[in-house]
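work17.pdb follows (PDB, C-alpha atoms):
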ATOM      1  CA  MET A 893     -21.747   2.448 -19.344
ATOM      2  CA  PRO A 894     -22.439   5.418 -17.040
ATOM      3  CA  GLU A 895     -19.355   6.860 -15.382
ATOM      4  CA  ASN A 896     -20.419   5.585 -11.974
ATOM      5  CA  ALA A 897     -21.677   2.174 -13.098
ATOM      6  CA  SER A 898     -18.843   0.300 -11.382
ATOM      7  CA  TYR A 899     -17.862   3.026  -8.922
ATOM      8  CA  ARG A 900     -17.379   1.484  -5.460
ATOM      9  CA  LYS A 901     -17.568  -2.028  -6.903
ATOM     10  CA  VAL A 902     -13.829  -2.502  -7.430
ATOM     11  CA  ASP A 903     -11.260  -2.301  -4.635
ATOM     12  CA  LEU A 904      -7.710  -3.323  -5.497
ATOM     13  CA  HIS A 905      -5.873  -1.888  -2.477
ATOM     14  CA  THR A 906      -6.737  -2.964   1.091
ATOM     15  CA  HIS A 907      -4.938  -4.077   4.257
ATOM     16  CA  SER A 908      -5.632  -6.666   6.938
ATOM     17  CA  THR A 909      -4.119  -7.638  10.285
ATOM     18  CA  PHE A 910      -1.370  -9.445   8.384
ATOM     19  CA  SER A 911       0.221  -6.020   7.809
ATOM     20  CA  ASP A 912      -1.127  -2.829   9.393
ATOM     21  CA  GLY A 913      -4.889  -3.186   9.006
ATOM     22  CA  ARG A 914      -7.428  -3.523  11.819
ATOM     23  CA  LEU A 915      -9.564  -6.326  10.341
ATOM     24  CA  SER A 916      -8.687  -9.944   9.659
ATOM     25  CA  PRO A 917      -8.826 -11.075   6.020
ATOM     26  CA  THR A 918     -12.145 -12.792   6.758
ATOM     27  CA  GLU A 919     -13.624  -9.662   8.334
ATOM     28  CA  LEU A 920     -12.302  -7.537   5.500
ATOM     29  CA  VAL A 921     -13.882  -9.722   2.817
ATOM     30  CA  ASP A 922     -17.179  -9.755   4.723
ATOM     31  CA  LEU A 923     -17.114  -5.966   4.802
ATOM     32  CA  ALA A 924     -16.340  -5.806   1.080
ATOM     33  CA  VAL A 925     -19.400  -7.948   0.365
ATOM     34  CA  GLU A 926     -21.516  -5.774   2.670
ATOM     35  CA  GLN A 927     -20.354  -2.706   0.735
ATOM     36  CA  GLY A 928     -21.281  -4.212  -2.627
ATOM     37  CA  VAL A 929     -17.758  -4.741  -3.912
ATOM     38  CA  THR A 930     -17.687  -7.144  -6.863
ATOM     39  CA  LEU A 931     -13.908  -7.382  -7.486
ATOM     40  CA  PHE A 932     -11.568  -7.368  -4.514
ATOM     41  CA  SER A 933      -7.884  -7.668  -3.660
ATOM     42  CA  LEU A 934      -5.987  -7.898  -0.383
ATOM     43  CA  THR A 935      -2.669  -6.036  -0.705
ATOM     44  CA  ASP A 936      -0.894  -6.262   2.625
ATOM     45  CA  HIS A 937       2.564  -4.730   3.013
ATOM     46  CA  ASP A 938       5.380  -7.084   2.024
ATOM     47  CA  THR A 939       3.522 -10.285   2.855
ATOM     48  CA  LEU A 940       1.364 -12.877   1.113
ATOM     49  CA  ASP A 941       0.348 -14.576   4.350
ATOM     50  CA  GLY A 942      -3.262 -13.386   4.431
ATOM     51  CA  LEU A 943      -4.151 -14.362   0.878
ATOM     52  CA  VAL A 944      -5.298 -17.939   1.511
ATOM     53  CA  GLU A 945      -7.723 -16.833   4.224
ATOM     54  CA  ALA A 946      -9.008 -13.943   2.130
ATOM     55  CA  ARG A 947      -9.493 -16.080  -0.981
ATOM     56  CA  THR A 948     -11.250 -18.828   0.967
ATOM     57  CA  ARG A 949     -13.690 -16.318   2.427
ATOM     58  CA  ALA A 950     -14.193 -14.592  -0.924
ATOM     59  CA  GLU A 951     -14.998 -17.927  -2.587
ATOM     60  CA  SER A 952     -17.606 -18.617   0.094
ATOM     61  CA  HIS A 953     -19.294 -15.352  -0.929
ATOM     62  CA  GLN A 954     -18.662 -15.966  -4.655
ATOM     63  CA  LEU A 955     -16.732 -12.687  -4.660
ATOM     64  CA  PRO A 956     -14.107 -12.495  -7.440
ATOM     65  CA  PHE A 957     -10.736 -12.175  -5.712
ATOM     66  CA  LEU A 958      -7.282 -11.167  -6.940
ATOM     67  CA  ASN A 959      -4.050 -11.991  -5.143
ATOM     68  CA  GLY A 960      -2.257  -8.781  -4.209
ATOM     69  CA  VAL A 961       0.643  -7.362  -2.225
ATOM     70  CA  GLU A 962       2.011  -3.860  -1.604
ATOM     71  CA  LEU A 963       5.790  -3.846  -1.950
ATOM     72  CA  SER A 964       8.130  -1.293  -0.388
ATOM     73  CA  THR A 965      10.712   0.198  -2.775
ATOM     74  CA  GLN A 966      12.577   3.450  -3.328
ATOM     75  CA  TRP A 967      13.305   5.790  -6.231
ATOM     76  CA  LYS A 968      16.061   8.408  -5.971
ATOM     77  CA  GLY A 969      16.046   7.998  -2.187
ATOM     78  CA  ILE A 970      12.274   8.459  -1.892
ATOM     79  CA  PRO A 971      10.294   5.546  -0.381
ATOM     80  CA  LEU A 972       7.602   4.307  -2.767
ATOM     81  CA  HIS A 973       4.965   1.596  -2.729
ATOM     82  CA  MET A 974       4.092  -0.674  -5.639
ATOM     83  CA  VAL A 975       1.077  -2.969  -5.740
ATOM     84  CA  ALA A 976       1.429  -6.306  -7.535
ATOM     85  CA  LEU A 977      -1.863  -7.871  -8.613
ATOM     86  CA  ASN A 978      -3.185 -11.087 -10.128
ATOM     87  CA  PHE A 979      -0.221 -13.378  -9.518
ATOM     88  CA  ASP A 980       0.408 -16.980  -8.521
ATOM     89  CA  PRO A 981       1.228 -16.843  -4.776
ATOM     90  CA  ASN A 982       3.895 -19.480  -5.371
ATOM     91  CA  ASN A 983       5.733 -17.271  -7.867
ATOM     92  CA  ALA A 984       9.415 -17.633  -6.980
ATOM     93  CA  ALA A 985      10.500 -14.159  -8.072
ATOM     94  CA  LEU A 986       7.778 -12.458  -6.066
ATOM     95  CA  ASN A 987       8.446 -14.552  -2.991
ATOM     96  CA  ALA A 988      12.126 -13.612  -3.190
ATOM     97  CA  VAL A 989      11.226  -9.904  -3.169
ATOM     98  CA  VAL A 990       8.833 -10.403  -0.259
ATOM     99  CA  LYS A 991      11.424 -12.388   1.731
ATOM    100  CA  GLU A 992      14.048  -9.677   1.201
ATOM    101  CA  ASN A 993      11.641  -6.937   2.281
ATOM    102  CA  GLN A 994      10.668  -8.833   5.417
ATOM    103  CA  ALA A 995      14.338  -9.140   6.376
ATOM    104  CA  ILE A 996      14.797  -5.420   5.726
ATOM    105  CA  ARG A 997      11.726  -4.662   7.839
ATOM    106  CA  LEU A 998      13.137  -6.605  10.803
ATOM    107  CA  ASP A 999      16.560  -4.946  10.513
ATOM    108  CA  ARG A1000      14.882  -1.542  10.168
ATOM    109  CA  ALA A1001      12.930  -2.159  13.370
ATOM    110  CA  ARG A1002      16.164  -2.936  15.230
ATOM    111  CA  ARG A1003      17.633   0.321  13.944
ATOM    112  CA  ILE A1004      14.490   2.222  14.957
ATOM    113  CA  ALA A1005      14.783   0.779  18.462
ATOM    114  CA  ASP A1006      18.433   1.841  18.637
ATOM    115  CA  LEU A1007      17.586   5.389  17.550
ATOM    116  CA  LEU A1008      14.844   5.565  20.162
ATOM    117  CA  ILE A1009      17.328   4.461  22.820
ATOM    118  CA  LYS A1010      19.566   7.360  21.773
ATOM    119  CA  GLN A1011      16.576   9.648  22.341
ATOM    120  CA  GLY A1012      16.291   8.411  25.917
ATOM    121  CA  LEU A1013      13.655   5.683  25.540
ATOM    122  CA  PRO A1014      13.972   2.074  26.737
ATOM    123  CA  ASP A1015      14.762  -0.725  24.276
ATOM    124  CA  LEU A1016      11.380  -1.578  22.738
ATOM    125  CA  PHE A1017      12.554  -4.003  20.047
ATOM    126  CA  ASP A1018      11.598  -7.341  21.589
ATOM    127  CA  GLU A1019       8.232  -6.031  22.733
ATOM    128  CA  ALA A1020       7.565  -4.566  19.289
ATOM    129  CA  VAL A1021       8.322  -7.922  17.655
ATOM    130  CA  ALA A1022       5.985  -9.675  20.101
ATOM    131  CA  LEU A1023       3.264  -7.071  19.584
ATOM    132  CA  ALA A1024       3.498  -7.367  15.787
ATOM    133  CA  GLY A1025       2.957 -11.131  15.930
ATOM    134  CA  LYS A1026       1.807 -12.254  12.483
ATOM    135  CA  SER A1027       1.591  -8.674  11.166
ATOM    136  CA  GLN A1028       4.435  -6.816   9.465
ATOM    137  CA  LEU A1029       6.597  -5.059  12.040
ATOM    138  CA  GLY A1030       6.693  -1.288  11.650
ATOM    139  CA  ARG A1031       6.633   2.095  13.340
ATOM    140  CA  PRO A1032       2.979   1.809  14.487
ATOM    141  CA  HIS A1033       3.971  -1.030  16.820
ATOM    142  CA  PHE A1034       6.558   1.184  18.495
ATOM    143  CA  ALA A1035       3.963   3.955  18.771
ATOM    144  CA  THR A1036       1.506   1.574  20.457
ATOM    145  CA  LEU A1037       4.120   0.540  23.002
ATOM    146  CA  MET A1038       4.991   4.161  23.749
ATOM    147  CA  ILE A1039       1.343   4.885  24.476
ATOM    148  CA  GLU A1040       0.935   1.777  26.641
ATOM    149  CA  LYS A1041       4.005   2.717  28.670
ATOM    150  CA  GLY A1042       2.879   6.309  29.130
ATOM    151  CA  LEU A1043       5.812   7.679  27.149
ATOM    152  CA  VAL A1044       3.509   9.663  24.854
ATOM    153  CA  LYS A1045      -0.154  10.647  24.929
ATOM    154  CA  ASP A1046      -1.147   9.316  21.517
ATOM    155  CA  ALA A1047       0.162   8.076  18.166
ATOM    156  CA  ASN A1048       0.432  11.599  16.756
ATOM    157  CA  LYS A1049       2.781  12.552  19.582
ATOM    158  CA  ALA A1050       4.788   9.372  19.063
ATOM    159  CA  PHE A1051       5.386  10.189  15.418
ATOM    160  CA  ASP A1052       5.907  13.926  15.954
ATOM    161  CA  ARG A1053       8.409  13.429  18.750
ATOM    162  CA  TYR A1054      10.140  10.150  17.896
ATOM    163  CA  LEU A1055       9.008   8.224  14.818
ATOM    164  CA  GLY A1056       8.426  10.793  12.072
ATOM    165  CA  ASN A1057      10.544  10.951   8.940
ATOM    166  CA  LYS A1058      12.473  13.940  10.288
ATOM    167  CA  ARG A1059      13.490  11.880  13.322
ATOM    168  CA  LEU A1060      14.216   8.682  11.426
ATOM    169  CA  GLY A1061      15.333  10.144   8.121
ATOM    170  CA  SER A1062      18.317   7.818   7.868
ATOM    171  CA  LEU A1063      15.908   4.876   7.607
ATOM    172  CA  ARG A1064      14.010   6.145   4.591
ATOM    173  CA  ASP A1065      16.396   4.662   2.037
ATOM    174  CA  VAL A1066      16.570   1.062   3.235
ATOM    175  CA  TRP A1067      14.172  -0.403   0.676
ATOM    176  CA  PRO A1068      15.272  -2.009  -2.622
ATOM    177  CA  GLU A1069      15.520   0.169  -5.695
ATOM    178  CA  LEU A1070      12.386   0.367  -7.814
ATOM    179  CA  GLU A1071      14.345  -0.508 -10.953
ATOM    180  CA  VAL A1072      15.674  -3.695  -9.322
ATOM    181  CA  VAL A1073      12.265  -4.856  -8.078
ATOM    182  CA  LEU A1074      10.625  -4.170 -11.434
ATOM    183  CA  GLY A1075      13.442  -6.029 -13.132
ATOM    184  CA  GLN A1076      12.696  -9.076 -10.995
ATOM    185  CA  LEU A1077       8.934  -9.008 -11.575
ATOM    186  CA  LYS A1078       8.257  -7.488 -14.992
ATOM    187  CA  ASP A1079       8.179 -10.789 -16.879
ATOM    188  CA  GLN A1080       6.217 -12.737 -14.268
ATOM    189  CA  GLY A1081       2.728 -12.202 -15.723
ATOM    190  CA  MET A1082       1.412  -9.889 -13.004
ATOM    191  CA  ALA A1083       0.145  -6.308 -12.986
ATOM    192  CA  LEU A1084       2.662  -3.901 -11.421
ATOM    193  CA  ILE A1085       0.919  -0.770 -10.175
ATOM    194  CA  LEU A1086       2.448   2.405  -8.716
ATOM    195  CA  ALA A1087       0.487   3.020  -5.522
ATOM    196  CA  HIS A1088      -1.043   6.426  -4.657
ATOM    197  CA  PRO A1089       1.325   8.539  -6.823
ATOM    198  CA  LYS A1090       0.047  11.894  -5.511
ATOM    199  CA  ARG A1091       1.079  11.128  -1.927
ATOM    200  CA  TYR A1092       4.801  11.251  -2.598
ATOM    201  CA  PRO A1093       6.736  14.512  -2.025
ATOM    202  CA  LEU A1094       7.156  15.154  -5.737
ATOM    203  CA  THR A1095       6.414  18.066  -8.028
ATOM    204  CA  VAL A1096       4.437  17.221 -11.151
ATOM    205  CA  THR A1097       7.678  17.417 -13.148
ATOM    206  CA  LYS A1098       9.408  14.897 -10.858
ATOM    207  CA  LEU A1099       6.314  12.700 -10.797
ATOM    208  CA  LYS A1100       6.465  12.545 -14.583
ATOM    209  CA  ARG A1101      10.105  11.467 -14.372
ATOM    210  CA  LEU A1102       9.109   8.748 -11.931
ATOM    211  CA  LEU A1103       6.314   7.555 -14.219
ATOM    212  CA  ALA A1104       8.652   7.541 -17.220
ATOM    213  CA  ASP A1105      11.137   5.394 -15.298
ATOM    214  CA  PHE A1106       8.374   3.180 -13.922
ATOM    215  CA  LYS A1107       7.054   2.508 -17.419
ATOM    216  CA  ALA A1108      10.527   1.978 -18.922
ATOM    217  CA  TRP A1109      11.492  -0.504 -16.184
ATOM    218  CA  GLY A1110       8.394  -2.659 -16.614
ATOM    219  CA  GLY A1111       5.614  -1.044 -14.593
ATOM    220  CA  THR A1112       2.168  -1.615 -16.079
ATOM    221  CA  GLY A1113      -0.220   0.656 -14.202
ATOM    222  CA  MET A1114      -0.836   3.371 -11.624
ATOM    223  CA  GLU A1115      -3.526   4.116  -9.087
ATOM    224  CA  VAL A1116      -5.573   7.055 -10.308
ATOM    225  CA  ALA A1117      -7.690   7.110  -7.150
ATOM    226  CA  SER A1118      -6.691   5.904  -3.705
ATOM    227  CA  GLY A1119      -9.209   6.592  -0.990
ATOM    228  CA  ASN A1120     -10.618  10.042  -0.375
ATOM    229  CA  GLU A1121      -8.372  12.075  -2.665
ATOM    230  CA  ARG A1122      -9.090  15.526  -4.053
ATOM    231  CA  PRO A1123     -11.000  15.324  -7.367
ATOM    232  CA  ASP A1124      -8.467  17.584  -9.106
ATOM    233  CA  HIS A1125      -5.680  15.223  -8.056
ATOM    234  CA  VAL A1126      -7.622  12.284  -9.489
ATOM    235  CA  ARG A1127      -8.153  14.151 -12.766
ATOM    236  CA  LEU A1128      -4.393  14.752 -12.938
ATOM    237  CA  MET A1129      -3.669  11.075 -12.307
ATOM    238  CA  GLU A1130      -6.119  10.116 -15.041
ATOM    239  CA  ARG A1131      -4.310  12.386 -17.513
ATOM    240  CA  LEU A1132      -0.920  11.016 -16.504
ATOM    241  CA  SER A1133      -2.087   7.426 -16.880
ATOM    242  CA  GLN A1134      -3.040   8.275 -20.451
ATOM    243  CA  GLU A1135       0.167  10.207 -21.138
ATOM    244  CA  PHE A1136       2.367   7.317 -19.989
ATOM    245  CA  ALA A1137       0.120   4.529 -21.328
ATOM    246  CA  LEU A1138      -0.323   2.979 -17.884
ATOM    247  CA  HIS A1139      -3.383   1.010 -16.818
ATOM    248  CA  ALA A1140      -5.590   2.787 -14.299
ATOM    249  CA  SER A1141      -6.174   1.106 -10.947
ATOM    250  CA  VAL A1142      -8.231   2.156  -7.929
ATOM    251  CA  GLY A1143      -8.523   1.234  -4.283
ATOM    252  CA  SER A1144      -9.649   2.428  -0.905
ATOM    253  CA  ASP A1145      -6.278   1.766   0.787
ATOM    254  CA  PHE A1146      -8.515   0.663   3.653
ATOM    255  CA  HIS A1147      -6.757   0.002   6.958
ATOM    256  CA  GLY A1148      -9.705   0.253   9.317
ATOM    257  CA  PRO A1149     -12.918   2.114  10.164
ATOM    258  CA  PHE A1150     -11.233   5.374  11.109
ATOM    259  CA  GLY A1151     -14.069   7.652  10.008
ATOM    260  CA  PRO A1152     -16.924   8.057   7.560
ATOM    261  CA  TRP A1153     -14.476   8.870   4.768
ATOM    262  CA  THR A1154     -12.713   5.488   5.009
ATOM    263  CA  GLN A1155     -14.562   2.437   3.771
ATOM    264  CA  VAL A1156     -13.839  -0.638   1.693
ATOM    265  CA  GLY A1157     -14.761   0.084  -1.903
ATOM    266  CA  ARG A1158     -14.785   3.853  -1.415
ATOM    267  CA  PHE A1159     -12.550   6.209  -3.365
ATOM    268  CA  THR A1160     -12.935   9.432  -5.280
ATOM    269  CA  GLN A1161     -14.929   8.737  -8.418
ATOM    270  CA  ILE A1162     -12.950   8.340 -11.636
ATOM    271  CA  HIS A1163     -13.854   8.882 -15.282
ATOM    272  CA  GLU A1164     -13.797   5.236 -16.314
ATOM    273  CA  SER A1165     -14.406   5.889 -20.002
ATOM    274  CA  GLU A1166     -11.290   8.082 -20.228
ATOM    275  CA  VAL A1167      -8.706   5.623 -18.862
ATOM    276  CA  ASP A1168      -7.542   2.076 -19.567
ATOM    277  CA  LEU A1169      -8.930   0.197 -16.579
ATOM    278  CA  VAL A1170      -6.576  -2.471 -15.270
ATOM    279  CA  TRP A1171      -9.508  -4.723 -14.281
ATOM    280  CA  ARG A1172     -11.238  -4.574 -17.657
ATOM    281  CA  ASP A1173      -9.979  -8.056 -18.581
ATOM    282  CA  TRP A1174     -10.610  -9.485 -15.098
ATOM    283  CA  VAL A1175     -14.394  -9.102 -14.906
TER     284      VAL A1175
END
Can the structure in the file be given as structure tokens, please?
Amino acid sequence: MPENASYRKVDLHTHSTFSDGRLSPTELVDLAVEQGVTLFSLTDHDTLDGLVEARTRAESHQLPFLNGVELSTQWKGIPLHMVALNFDPNNAALNAVVKENQAIRLDRARRIADLLIKQGLPDLFDEAVALAGKSQLGRPHFATLMIEKGLVKDANKAFDRYLGNKRLGSLRDVWPELEVVLGQLKDQGMALILAHPKRYPLTVTKLKRLLADFKAWGGTGMEVASGNERPDHVRLMERLSQEFALHASVGSDFHGPFGPWTQVGRFTQIHESEVDLVWRDWV
């Protein structure tokens, strides 16, 4: 098979309005079909709520669909994301993790609101909850409110001045430990994928320590390409997936049409023949 034979046909990392995406699950699936995707997963943050809608729409297009979710965790105080794929949405262990993370997300939002009050802003908590609606409450909702109220010019200013990690550093370590989450899910028959490994503030040496722990604790794969990443970074991820015997996954990490470089099914091309593709047994 040529290296690019299935390039842009698999997308195992996307987001809808049920977390922080701009498109509904139905709109997202329609776009995936338009882009020629032939294996698709919706992986909203800490929620399974959009999966029924996405699967129903995918079945209407005869598009193979995998249940997915992106879970918030931490390792050595560093926030990480892990994608779970190909699971029963009624899985009790997974639903327990999701329920815990949703409670953490709500408590975190209250703490964000309190920190913003200390910085001289009004209490935005209730309005942020209302704005989030069915989506997963997070910092972008506070940023939107700040813009609407004329407190900042745009989202960049909101994060630079109020919502960035330097401002809210004490809230970075609220998520459950990676080892604990993997311990809950490793025997549940699902793929457990470390999301976008190159985006974390880690040296290659520390990334290798993370991957060693991830593998030892029950992780099964890692994303070797996530959106428009540098080719040399993708080559490194390919080598690390081989070194740690982790399945290779890919995804656009699509949140919305924010430019020509973001599209469902689009990510930096990988060398498929050199890695153990996580979807090999699913197509």
Sort by chain and increasing residue number a table of all residues of range 1068-1128 of chain A within 9 Å of range 1155-1166 of chain A, each with its closest pair of atoms and their distance in Å to one decimal, counting all atoms listed in the file, and write it as JSON lines.
{"residue": "A:Val1116", "atom": "CA", "partner": "A:Ile1162", "partner_atom": "CA", "distance": 7.6}
{"residue": "A:Ala1117", "atom": "CA", "partner": "A:Thr1160", "partner_atom": "CA", "distance": 6.0}
{"residue": "A:Ser1118", "atom": "CA", "partner": "A:Phe1159", "partner_atom": "CA", "distance": 5.9}
{"residue": "A:Gly1119", "atom": "CA", "partner": "A:Phe1159", "partner_atom": "CA", "distance": 4.1}
{"residue": "A:Asn1120", "atom": "CA", "partner": "A:Phe1159", "partner_atom": "CA", "distance": 5.2}
{"residue": "A:Glu1121", "atom": "CA", "partner": "A:Thr1160", "partner_atom": "CA", "distance": 5.9}
{"residue": "A:Arg1122", "atom": "CA", "partner": "A:Thr1160", "partner_atom": "CA", "distance": 7.3}
{"residue": "A:Pro1123", "atom": "CA", "partner": "A:Thr1160", "partner_atom": "CA", "distance": 6.5}
{"residue": "A:Val1126", "atom": "CA", "partner": "A:Ile1162", "partner_atom": "CA", "distance": 7.0}
{"residue": "A:Arg1127", "atom": "CA", "partner": "A:Ile1162", "partner_atom": "CA", "distance": 7.6}
Point to revise | Within 6 Å of range 972-985 of chain A using all atoms listed in the file, minus same-chain residues under 3 positions, as number ranges by chain | key: A: 958-966, 988, 1082-1087
Check your understanding: Using only C-alpha atoms, which residues sit within 12 Å of Asp922 in chain A once same-chain residues fewer than 3 positions away are excluded, as a ChimeraX atom specification?
Key -> /A:915-919,925-930,932,945-955,1156
Review point. In Å to one decimal, how far is CA of Ala1137 in chain A from CA of Thr939 in chain A?
Key: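 Result for CA of Thr939 in chain A versus CA of Ala1137 in chain A: 28.6 Å, one decimal.
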Review point. Pick the closest to Gln1011 in chain A from A:Asp1124, A:Phe1106, A:Leu1055, A:Arg997: which is it, counting all atoms listed in the file?
Key: A:Leu1055
Practice item. For the structure shown, which residues end up in the PyMOL selection byres ((chain A and resi 994) around 10)? Put them as a VMD selection string, please? Key: chain A and resid 937 to 939 964 988 to 993 995 to 1000 1028 to 1029
Exercise for review: Determine the nearest neighbour of Arg1172 in chain A from the options A:Ala1024, A:Met1114, A:Leu1103, A:Leu931, counting all atoms listed in the file.
Suggested key: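 Among the listed residues, the smallest separation from Arg1172 in chain A belongs to A:Leu931.
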Review point. CA of Leu920 in chain A and CA of His1033 in chain A, how far apart in Å?
Key: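 Computing it gives 20.9 Å between the two atoms.
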Point to revise | Distance criterion (all atoms listed in the file): nearest to Ile1004 in chain A out of A:Arg1059, A:Arg1091, A:Lys1041, A:Lys1049 | key: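 Closest to Ile1004 in chain A of all the choices is A:Arg1059.
With CA of Leu1043 in chain A on one side and CA of Asp912 in chain A on the other, the separation reads 21.8 Å.
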**Study point:** Residue nearest Val1044 in chain A - candidates A:Leu1013, A:Lys901, A:Lys1026, A:Thr906, atoms counted: all atoms listed in the file
**Key:**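 The answer is A:Leu1013, which sits nearest to Val1044 in chain A.
Among the candidates A:Thr1036, A:Ser1027, A:Thr1112, A:Thr1095, the one nearest to Phe1136 in chain A when counting only C-alpha atoms is A:Thr1112.
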**Study point:** Answer key for the PyMOL selection byres ((chain A and resi 1169) around 8), residues as a list of chain:residue names
**Key:**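 This file, filtered by the PyMOL selection byres ((chain A and resi 1169) around 8), leaves A:His1139, A:Ala1140, A:Ser1141, A:Glu1164, A:Val1167, A:Asp1168, A:Val1170, A:Trp1171, A:Arg1172.
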Where's the centre, and what are the edge lengths in Å to one decimal, of a box along x, y and z enclosing all listed atoms of range 1060-1079 of chain A padded 5 Å per side, as JSON?
{"center_x": 13.2, "center_y": -0.3, "center_z": -2.7, "size_x": 20.1, "size_y": 30.9, "size_z": 38.3}
Could I see range 899-916 of chain A restored to N, CA and C atoms, set down as a compact mmCIF listing (two decimals), in the coordinates of the input?
# COMPACT_ATOMS: atom_id res chain seq x y z
N TYR A 899 -18.44 2.29 -10.03
CA TYR A 899 -17.86 3.03 -8.92
C TYR A 899 -18.23 2.35 -7.61
N ARG A 900 -17.22 2.14 -6.75
CA ARG A 900 -17.38 1.48 -5.46
C ARG A 900 -17.59 -0.02 -5.59
N LYS A 901 -17.43 -0.58 -6.77
CA LYS A 901 -17.57 -2.03 -6.90
C LYS A 901 -16.22 -2.73 -7.07
N VAL A 902 -15.17 -1.95 -7.27
CA VAL A 902 -13.83 -2.50 -7.43
C VAL A 902 -12.94 -1.93 -6.33
N ASP A 903 -12.21 -2.78 -5.64
CA ASP A 903 -11.26 -2.30 -4.64
C ASP A 903 -10.01 -3.17 -4.71
N LEU A 904 -8.94 -2.58 -5.24
CA LEU A 904 -7.71 -3.32 -5.50
C LEU A 904 -6.57 -2.86 -4.60
N HIS A 905 -6.91 -2.32 -3.42
CA HIS A 905 -5.87 -1.89 -2.48
C HIS A 905 -6.48 -1.84 -1.08
N THR A 906 -6.23 -2.89 -0.28
CA THR A 906 -6.74 -2.96 1.09
C THR A 906 -5.71 -3.66 1.98
N HIS A 907 -5.88 -3.50 3.30
CA HIS A 907 -4.94 -4.08 4.26
C HIS A 907 -5.66 -4.78 5.39
N SER A 908 -5.07 -5.87 5.85
CA SER A 908 -5.63 -6.67 6.94
C SER A 908 -4.65 -6.70 8.12
N THR A 909 -4.98 -7.49 9.11
CA THR A 909 -4.12 -7.64 10.28
C THR A 909 -2.80 -8.32 9.96
N PHE A 910 -2.65 -8.85 8.75
CA PHE A 910 -1.37 -9.44 8.38
C PHE A 910 -0.33 -8.38 8.04
N SER A 911 -0.76 -7.11 7.88
CA SER A 911 0.22 -6.02 7.81
C SER A 911 -0.18 -4.98 8.84
N ASP A 912 -0.80 -3.88 8.43
CA ASP A 912 -1.13 -2.83 9.39
C ASP A 912 -2.60 -2.47 9.38
N GLY A 913 -3.45 -3.41 8.98
CA GLY A 913 -4.89 -3.19 9.01
C GLY A 913 -5.51 -3.61 10.33
N ARG A 914 -6.74 -3.21 10.56
CA ARG A 914 -7.43 -3.52 11.82
C ARG A 914 -8.31 -4.76 11.72
N LEU A 915 -8.67 -5.20 10.51
CA LEU A 915 -9.56 -6.33 10.34
C LEU A 915 -8.81 -7.54 9.82
N SER A 916 -9.26 -8.72 10.21
CA SER A 916 -8.69 -9.94 9.66
C SER A 916 -9.09 -10.06 8.19
